[in-house]
Amino acid sequence: MKKIFFILLAVSYTNLIFGQDASRIIIHDTRSVNSEPSFYQRSVNFEFKYSSILNAPYSSYYGGLMTIAPWRDATGNKNHQLFFNDNGILYRTGVHGQSTWAPWQKIVIQDMNGRVGINTSDTKGHNLAVNGTILAKEIKVETGWADFVFDKDYKLPSLAEVEKHIQEKGHLQGIPTEAEVKENGVNLGEMNVKLLQKVEELTLYIIKHEKENKEKEKQIDHLLQRIEELEKHIK
């Protein structure tokens with residue numbers, strides 16, 4: 001949002017300078033030159049450029065460069081550049097006295113429905129679509145949870161029923177198939193609930209079988225005692 005505001009500020013600043021003296025702004029053809037930050041001083045400049053000269057990524061062959069230089073040296077803060085091309089708008093800054101500019105950053109703009117696409121223009125109806133990987137320290141998903149498995153009236157499938165479903169369908173009940181995931185992707189919130197449901201069901205199976213094993217151990221101990229008593233009578 002700050003960068004979009006910067007664009008509006010730049011346009012307003014340009015209109016203030018040129019609006020009263022000219023009906024148009026001249027764009028200079030300096031396509032083969034990547035000028036240092038100190039070249040621009042107390043001016044707003046518009047130039048026609050090769051994308052490769054500016055080392056501009058994600059760009060078409062040509063583009064329009066707008067530079068805003070608030071002051072003649074570094075005391076007036078950085079110079080700012082916007083590069084307009086067929087693949088979007090790039091932004092970078094430069095400091096007077098330095099020979100190079102900061103790396104380009106691509107400006108992300110919402111569409112008319114408030115949706116944002118990064119490296120894609122097709123959000124498929126979602127508010128945010130990213131064509132690539134995402135690095136994050138933490139992601140919070142607000143969704144339901146699967147503690148209903150522990151409700152007294154929850155019908156826990158028998159292991160025989162689980163085995164039958166796997167043999168017939170080739171996947172766990174309630175979990176999408178591989179083909180469905182390839183076609184539709186995975187809803188992280190929904191899938192976490194489903195996976196937790198399976199973990200909680202497994203926990204109930206383990207608890208149930210532990211109780212059955214303890215009961216069997218008691219029965220075995222009782223039978224062993226009876227055998228010992230019978231052996232004593234036989235002797």
# chains A, B, ... in the order shown; residues from 1 in each chain; ligands from 1
call {"tool": "select_by_dssp", "arguments": {"residues": "range 35-228 of chain A", "states": "helix (DSSP H, G or I)", "output": "number ranges by chain"}}
result
A: 37-39, 74-76, 147-150, 159-169, 178-184, 188-228
call {"tool": "residues_around", "arguments": {"residues": "Gly64 in chain A", "least_positions_apart": "3", "cutoff": "6 Å", "atoms": "only C-alpha atoms", "output": "short mmCIF file (atom, residue, chain, number, x, y, z; two decimals) with N, CA and C atoms, in the first residue's frame"}}
result
data_model
loop_
_atom_site.label_atom_id
_atom_site.label_comp_id
_atom_site.auth_asym_id
_atom_site.auth_seq_id
_atom_site.Cartn_x
_atom_site.Cartn_y
_atom_site.Cartn_z
N GLU A 47 12.03 8.72 -18.97
CA GLU A 47 12.96 8.23 -19.99
C GLU A 47 12.46 6.91 -20.58
N PHE A 48 12.86 6.68 -21.83
CA PHE A 48 12.59 5.43 -22.51
C PHE A 48 13.82 4.55 -22.38
N PHE A 83 9.77 1.81 -12.88
CA PHE A 83 9.95 1.34 -14.25
C PHE A 83 8.66 0.65 -14.69
N PHE A 84 8.00 1.24 -15.68
CA PHE A 84 6.73 0.74 -16.18
C PHE A 84 6.99 -0.09 -17.43
#
call {"tool": "closest_atom_pairs", "arguments": {"of": "range 119-178 of chain A", "to": "range 189-195 of chain A", "cutoff": "8 Å", "atoms": "only C-alpha atoms", "output": "Markdown table"}}
result
| residue | atom | partner | partner_atom | distance |
| --- | --- | --- | --- | --- |
| A:Val141 | CA | A:Gly189 | CA | 6.0 |
| A:Glu142 | CA | A:Gly189 | CA | 7.2 |
| A:Thr143 | CA | A:Gly189 | CA | 5.7 |
| A:Gly144 | CA | A:Val193 | CA | 6.9 |
| A:Trp145 | CA | A:Val193 | CA | 5.4 |
| A:Ala146 | CA | A:Val193 | CA | 5.6 |
| A:Gly174 | CA | A:Lys194 | CA | 7.2 |
| A:Ile175 | CA | A:Lys194 | CA | 6.9 |
call {"tool": "write_last_selection", "arguments": {"atoms": "N, CA, C and O atoms", "output": "PDB file, in the first residue's frame"}}
result
ATOM      1  N   VAL A 141      -3.868 -20.499  10.628  1.00  0.00           N
ATOM      2  CA  VAL A 141      -5.075 -20.812   9.870  1.00  0.00           C
ATOM      3  C   VAL A 141      -6.235 -20.912  10.851  1.00  0.00           C
ATOM      4  O   VAL A 141      -6.200 -21.727  11.786  1.00  0.00           O
ATOM      5  N   GLU A 142      -7.239 -20.094  10.666  1.00  0.00           N
ATOM      6  CA  GLU A 142      -8.414 -20.133  11.533  1.00  0.00           C
ATOM      7  C   GLU A 142      -9.419 -21.128  10.952  1.00  0.00           C
ATOM      8  O   GLU A 142      -9.943 -20.930   9.869  1.00  0.00           O
ATOM      9  N   THR A 143      -9.656 -22.213  11.705  1.00  0.00           N
ATOM     10  CA  THR A 143     -10.518 -23.273  11.209  1.00  0.00           C
ATOM     11  C   THR A 143     -11.142 -24.011  12.381  1.00  0.00           C
ATOM     12  O   THR A 143     -10.918 -23.661  13.540  1.00  0.00           O
ATOM     13  N   GLY A 144     -11.923 -25.044  12.090  1.00  0.00           N
ATOM     14  CA  GLY A 144     -12.487 -25.874  13.145  1.00  0.00           C
ATOM     15  C   GLY A 144     -11.455 -26.861  13.662  1.00  0.00           C
ATOM     16  O   GLY A 144     -10.276 -26.804  13.302  1.00  0.00           O
ATOM     17  N   TRP A 145     -11.882 -27.788  14.537  1.00  0.00           N
ATOM     18  CA  TRP A 145     -10.959 -28.774  15.090  1.00  0.00           C
ATOM     19  C   TRP A 145     -11.680 -30.101  15.190  1.00  0.00           C
ATOM     20  O   TRP A 145     -12.875 -30.188  14.950  1.00  0.00           O
ATOM     21  N   ALA A 146     -10.977 -31.178  15.544  1.00  0.00           N
ATOM     22  CA  ALA A 146     -11.543 -32.523  15.436  1.00  0.00           C
ATOM     23  C   ALA A 146     -11.798 -33.183  16.782  1.00  0.00           C
ATOM     24  O   ALA A 146     -11.837 -34.413  16.861  1.00  0.00           O
ATOM     25  N   GLY A 174     -12.777 -40.242   4.231  1.00  0.00           N
ATOM     26  CA  GLY A 174     -12.766 -38.829   4.583  1.00  0.00           C
ATOM     27  C   GLY A 174     -11.539 -38.083   4.109  1.00  0.00           C
ATOM     28  O   GLY A 174     -11.462 -36.859   4.235  1.00  0.00           O
ATOM     29  N   ILE A 175     -10.544 -38.806   3.565  1.00  0.00           N
ATOM     30  CA  ILE A 175      -9.325 -38.193   3.049  1.00  0.00           C
ATOM     31  C   ILE A 175      -9.393 -38.199   1.523  1.00  0.00           C
ATOM     32  O   ILE A 175      -9.729 -39.217   0.920  1.00  0.00           O
TER      33      ILE A 175
END
call {"tool": "residues_around", "arguments": {"residues": "range 121-138 of chain A", "least_positions_apart": "2", "cutoff": "12 Å", "atoms": "only C-alpha atoms", "output": "list of chain:residue names"}}
result
A:Asn87, A:Gly88, A:Val108, A:Ile109, A:Gln110, A:Asp111, A:Met112, A:Asn113, A:Gly114, A:Arg115, A:Val116, A:Gly117, A:Ile118, A:Asn119, A:Lys140, A:Val141, A:Asn184
call {"tool": "write_last_selection", "arguments": {"atoms": "C-alpha atoms", "output": "PDB file, in the first residue's frame"}}
result
ATOM      1  CA  ASN A  87       4.878  -7.153 -17.107  1.00  0.00           C
ATOM      2  CA  GLY A  88       4.150  -4.693 -14.306  1.00  0.00           C
ATOM      3  CA  VAL A 108       1.965  -5.757  -6.244  1.00  0.00           C
ATOM      4  CA  ILE A 109      -1.375  -4.175  -7.106  1.00  0.00           C
ATOM      5  CA  GLN A 110      -4.860  -5.341  -6.173  1.00  0.00           C
ATOM      6  CA  ASP A 111      -7.391  -5.922  -8.927  1.00  0.00           C
ATOM      7  CA  MET A 112     -10.823  -4.295  -8.867  1.00  0.00           C
ATOM      8  CA  ASN A 113     -12.082  -7.056  -6.555  1.00  0.00           C
ATOM      9  CA  GLY A 114      -9.297  -6.542  -3.999  1.00  0.00           C
ATOM     10  CA  ARG A 115      -7.441  -9.695  -5.075  1.00  0.00           C
ATOM     11  CA  VAL A 116      -3.655  -9.943  -5.364  1.00  0.00           C
ATOM     12  CA  GLY A 117      -1.638 -12.234  -7.601  1.00  0.00           C
ATOM     13  CA  ILE A 118       2.123 -12.696  -7.189  1.00  0.00           C
ATOM     14  CA  ASN A 119       3.792 -13.979 -10.372  1.00  0.00           C
ATOM     15  CA  LYS A 140      -1.983 -19.165  11.343  1.00  0.00           C
ATOM     16  CA  VAL A 141      -5.075 -20.812   9.870  1.00  0.00           C
ATOM     17  CA  ASN A 184      -7.900 -29.322  -6.698  1.00  0.00           C
TER      18      ASN A 184
END
call {"tool": "residues_around", "arguments": {"residues": "range 27-39 of chain A", "least_positions_apart": "2", "cutoff": "8 Å", "atoms": "only C-alpha atoms", "output": "short mmCIF file (atom, residue, chain, number, x, y, z; two decimals) with all heavy atoms, in the first residue's frame"}}
result
data_model
loop_
_atom_site.label_atom_id
_atom_site.label_comp_id
_atom_site.auth_asym_id
_atom_site.auth_seq_id
_atom_site.Cartn_x
_atom_site.Cartn_y
_atom_site.Cartn_z
N ILE A 25 4.28 15.82 -21.30
CA ILE A 25 5.60 15.65 -20.72
C ILE A 25 6.47 14.91 -21.73
O ILE A 25 6.07 13.87 -22.27
CB ILE A 25 5.52 14.85 -19.41
CG1 ILE A 25 4.66 15.60 -18.39
CG2 ILE A 25 6.90 14.57 -18.84
CD1 ILE A 25 4.37 14.80 -17.15
N GLN A 41 19.04 15.26 -10.02
CA GLN A 41 19.04 16.24 -8.93
C GLN A 41 17.85 17.18 -9.06
O GLN A 41 17.63 17.78 -10.11
CB GLN A 41 20.34 17.06 -8.93
CG GLN A 41 21.60 16.24 -8.72
CD GLN A 41 22.86 17.09 -8.70
OE1 GLN A 41 22.79 18.32 -8.63
NE2 GLN A 41 24.01 16.44 -8.76
N ASN A 45 12.10 13.04 -13.83
CA ASN A 45 12.56 12.71 -15.18
C ASN A 45 11.80 11.52 -15.73
O ASN A 45 11.50 10.56 -15.00
CB ASN A 45 14.06 12.38 -15.16
CG ASN A 45 14.90 13.53 -14.68
OD1 ASN A 45 15.36 14.35 -15.46
ND2 ASN A 45 15.10 13.62 -13.36
N PHE A 46 11.54 11.56 -17.04
CA PHE A 46 10.87 10.48 -17.74
C PHE A 46 11.73 10.05 -18.91
O PHE A 46 12.12 10.87 -19.75
CB PHE A 46 9.49 10.93 -18.22
CG PHE A 46 8.55 11.26 -17.10
CD1 PHE A 46 8.54 12.53 -16.55
CD2 PHE A 46 7.67 10.32 -16.60
CE1 PHE A 46 7.68 12.85 -15.51
CE2 PHE A 46 6.81 10.62 -15.56
CZ PHE A 46 6.81 11.89 -15.01
N GLU A 47 12.03 8.72 -18.97
CA GLU A 47 12.96 8.23 -19.99
C GLU A 47 12.46 6.91 -20.58
O GLU A 47 11.77 6.14 -19.92
CB GLU A 47 14.35 8.02 -19.37
CG GLU A 47 14.96 9.27 -18.75
CD GLU A 47 16.17 8.94 -17.90
OE1 GLU A 47 17.26 8.81 -18.46
OE2 GLU A 47 16.00 8.80 -16.66
N PHE A 48 12.86 6.68 -21.83
CA PHE A 48 12.59 5.43 -22.51
C PHE A 48 13.82 4.55 -22.38
O PHE A 48 14.95 4.99 -22.69
CB PHE A 48 12.28 5.71 -23.99
CG PHE A 48 11.99 4.48 -24.80
CD1 PHE A 48 10.81 3.78 -24.62
CD2 PHE A 48 12.89 4.03 -25.75
CE1 PHE A 48 10.53 2.65 -25.37
CE2 PHE A 48 12.62 2.89 -26.50
CZ PHE A 48 11.43 2.21 -26.31
N LYS A 49 13.66 3.28 -21.90
CA LYS A 49 14.81 2.46 -21.56
C LYS A 49 14.66 1.02 -22.07
O LYS A 49 13.56 0.48 -22.16
CB LYS A 49 14.99 2.40 -20.04
CG LYS A 49 15.34 3.72 -19.36
CD LYS A 49 16.77 4.13 -19.61
CE LYS A 49 17.15 5.33 -18.76
NZ LYS A 49 18.54 5.77 -19.01
N TYR A 50 15.86 0.42 -22.36
CA TYR A 50 15.92 -1.03 -22.48
C TYR A 50 15.83 -1.63 -21.08
O TYR A 50 16.49 -1.17 -20.15
CB TYR A 50 17.25 -1.48 -23.10
CG TYR A 50 17.40 -1.26 -24.57
CD1 TYR A 50 18.49 -0.55 -25.08
CD2 TYR A 50 16.48 -1.79 -25.48
CE1 TYR A 50 18.65 -0.37 -26.44
CE2 TYR A 50 16.63 -1.61 -26.84
CZ TYR A 50 17.72 -0.89 -27.31
OH TYR A 50 17.89 -0.71 -28.66
N ILE A 53 19.29 -2.85 -19.84
CA ILE A 53 20.23 -1.81 -19.38
C ILE A 53 20.02 -1.52 -17.90
O ILE A 53 20.98 -1.26 -17.15
CB ILE A 53 20.05 -0.53 -20.21
CG1 ILE A 53 20.61 -0.71 -21.61
CG2 ILE A 53 20.71 0.68 -19.54
CD1 ILE A 53 22.11 -0.94 -21.65
N LEU A 54 18.77 -1.61 -17.45
CA LEU A 54 18.44 -1.33 -16.05
C LEU A 54 18.53 -2.57 -15.18
O LEU A 54 18.28 -2.50 -13.97
CB LEU A 54 17.02 -0.75 -15.95
CG LEU A 54 16.76 0.55 -16.71
CD1 LEU A 54 15.29 0.95 -16.58
CD2 LEU A 54 17.66 1.66 -16.20
N ARG A 72 19.63 17.62 -4.30
CA ARG A 72 20.85 17.51 -5.09
C ARG A 72 21.93 16.66 -4.43
O ARG A 72 22.98 16.40 -5.03
CB ARG A 72 21.41 18.90 -5.38
CG ARG A 72 21.75 19.73 -4.16
CD ARG A 72 22.40 21.05 -4.54
NE ARG A 72 22.55 21.93 -3.39
CZ ARG A 72 21.71 22.89 -3.06
NH1 ARG A 72 20.64 23.09 -3.82
NH2 ARG A 72 21.91 23.65 -2.00
N ASP A 73 21.71 16.24 -3.17
CA ASP A 73 22.67 15.36 -2.50
C ASP A 73 21.94 14.47 -1.52
O ASP A 73 20.70 14.51 -1.41
CB ASP A 73 23.78 16.16 -1.82
CG ASP A 73 23.25 17.18 -0.82
OD1 ASP A 73 22.25 16.86 -0.12
OD2 ASP A 73 23.80 18.29 -0.74
N ASN A 79 16.93 9.02 -3.99
CA ASN A 79 16.20 9.15 -5.24
C ASN A 79 15.36 7.89 -5.46
O ASN A 79 15.73 6.80 -5.03
CB ASN A 79 17.17 9.32 -6.41
CG ASN A 79 17.83 10.69 -6.41
OD1 ASN A 79 17.42 11.58 -5.67
ND2 ASN A 79 18.85 10.85 -7.24
N GLY A 94 18.02 4.92 -4.91
CA GLY A 94 19.44 5.15 -5.05
C GLY A 94 19.88 6.31 -4.18
O GLY A 94 19.10 7.24 -3.93
N VAL A 95 21.12 6.26 -3.72
CA VAL A 95 21.65 7.29 -2.83
C VAL A 95 22.71 8.10 -3.57
O VAL A 95 23.58 7.52 -4.24
CB VAL A 95 22.26 6.66 -1.56
CG1 VAL A 95 22.85 7.73 -0.64
CG2 VAL A 95 21.20 5.85 -0.82
N HIS A 96 22.65 9.41 -3.45
CA HIS A 96 23.68 10.27 -4.04
C HIS A 96 25.07 9.85 -3.54
O HIS A 96 25.26 9.59 -2.35
CB HIS A 96 23.42 11.73 -3.66
CG HIS A 96 22.30 12.36 -4.43
ND1 HIS A 96 22.44 12.87 -5.69
CD2 HIS A 96 20.99 12.52 -4.10
CE1 HIS A 96 21.29 13.36 -6.11
NE2 HIS A 96 20.38 13.15 -5.16
N GLY A 97 26.00 9.80 -4.44
CA GLY A 97 27.36 9.42 -4.08
C GLY A 97 27.66 7.96 -4.28
O GLY A 97 28.82 7.55 -4.25
N GLN A 98 26.62 7.14 -4.48
CA GLN A 98 26.82 5.72 -4.76
C GLN A 98 26.68 5.47 -6.24
O GLN A 98 25.88 6.11 -6.93
CB GLN A 98 25.82 4.87 -3.97
CG GLN A 98 26.01 4.95 -2.46
CD GLN A 98 25.07 4.02 -1.72
OE1 GLN A 98 24.26 3.32 -2.31
NE2 GLN A 98 25.19 4.01 -0.39
N SER A 99 27.41 4.50 -6.75
CA SER A 99 27.44 4.25 -8.20
C SER A 99 26.34 3.30 -8.66
O SER A 99 26.10 3.19 -9.86
CB SER A 99 28.81 3.69 -8.60
OG SER A 99 29.06 2.47 -7.92
N THR A 100 25.72 2.62 -7.74
CA THR A 100 24.69 1.65 -8.12
C THR A 100 23.39 1.91 -7.38
O THR A 100 23.37 2.56 -6.33
CB THR A 100 25.15 0.21 -7.80
OG1 THR A 100 25.43 0.11 -6.40
CG2 THR A 100 26.40 -0.14 -8.61
N TRP A 101 22.33 1.37 -7.96
CA TRP A 101 21.00 1.47 -7.35
C TRP A 101 20.72 0.22 -6.51
O TRP A 101 21.34 -0.81 -6.70
CB TRP A 101 19.93 1.59 -8.44
CG TRP A 101 20.00 2.85 -9.25
CD1 TRP A 101 20.83 3.10 -10.30
CD2 TRP A 101 19.21 4.03 -9.06
NE1 TRP A 101 20.61 4.35 -10.80
CE2 TRP A 101 19.61 4.95 -10.06
CE3 TRP A 101 18.21 4.39 -8.17
CZ2 TRP A 101 19.06 6.22 -10.19
CZ3 TRP A 101 17.63 5.65 -8.29
CH2 TRP A 101 18.06 6.55 -9.27
#
call {"tool": "select_by_dssp", "arguments": {"residues": "range 82-168 of chain A", "states": "strand (DSSP E)", "output": "PyMOL selection string"}}
result
chain A and resi 82-85+88-94+105-106+116-118+128-130
call {"tool": "atom_distance", "arguments": {"atom1": "CA of Tyr91 in chain A", "atom2": "CA of Ile68 in chain A"}}
result
11.4 Å
call {"tool": "residues_around", "arguments": {"residues": "Val162 in chain A", "least_positions_apart": "4", "cutoff": "9 Å", "atoms": "only C-alpha atoms", "output": "PyMOL selection string"}}
result
chain A and resi 157-158+166-167+172-173
call {"tool": "closest_residue", "arguments": {"among": "A:Lys216, A:Arg92, A:Lys232, A:Arg42", "to": "Pro57 in chain A", "atoms": "only C-alpha atoms"}}
result
A:Arg92
call {"tool": "atom_distance", "arguments": {"atom1": "CA of Lys198 in chain A", "atom2": "CA of Phe148 in chain A"}}
result
11.7 Å
call {"tool": "closest_residue", "arguments": {"among": "A:Leu202, A:Ile89, A:Val181, A:Leu223", "to": "Phe150 in chain A", "atoms": "only C-alpha atoms"}}
result
A:Leu202
call {"tool": "residues_around", "arguments": {"residues": "Pro70 in chain A", "least_positions_apart": "3", "cutoff": "10 Å", "atoms": "only C-alpha atoms", "output": "PyMOL selection string"}}
result
chain A and resi 40-44+67+73-80
call {"tool": "atom_distance", "arguments": {"atom1": "CA of Ile107 in chain A", "atom2": "CA of Gly185 in chain A"}}
result
27.3 Å
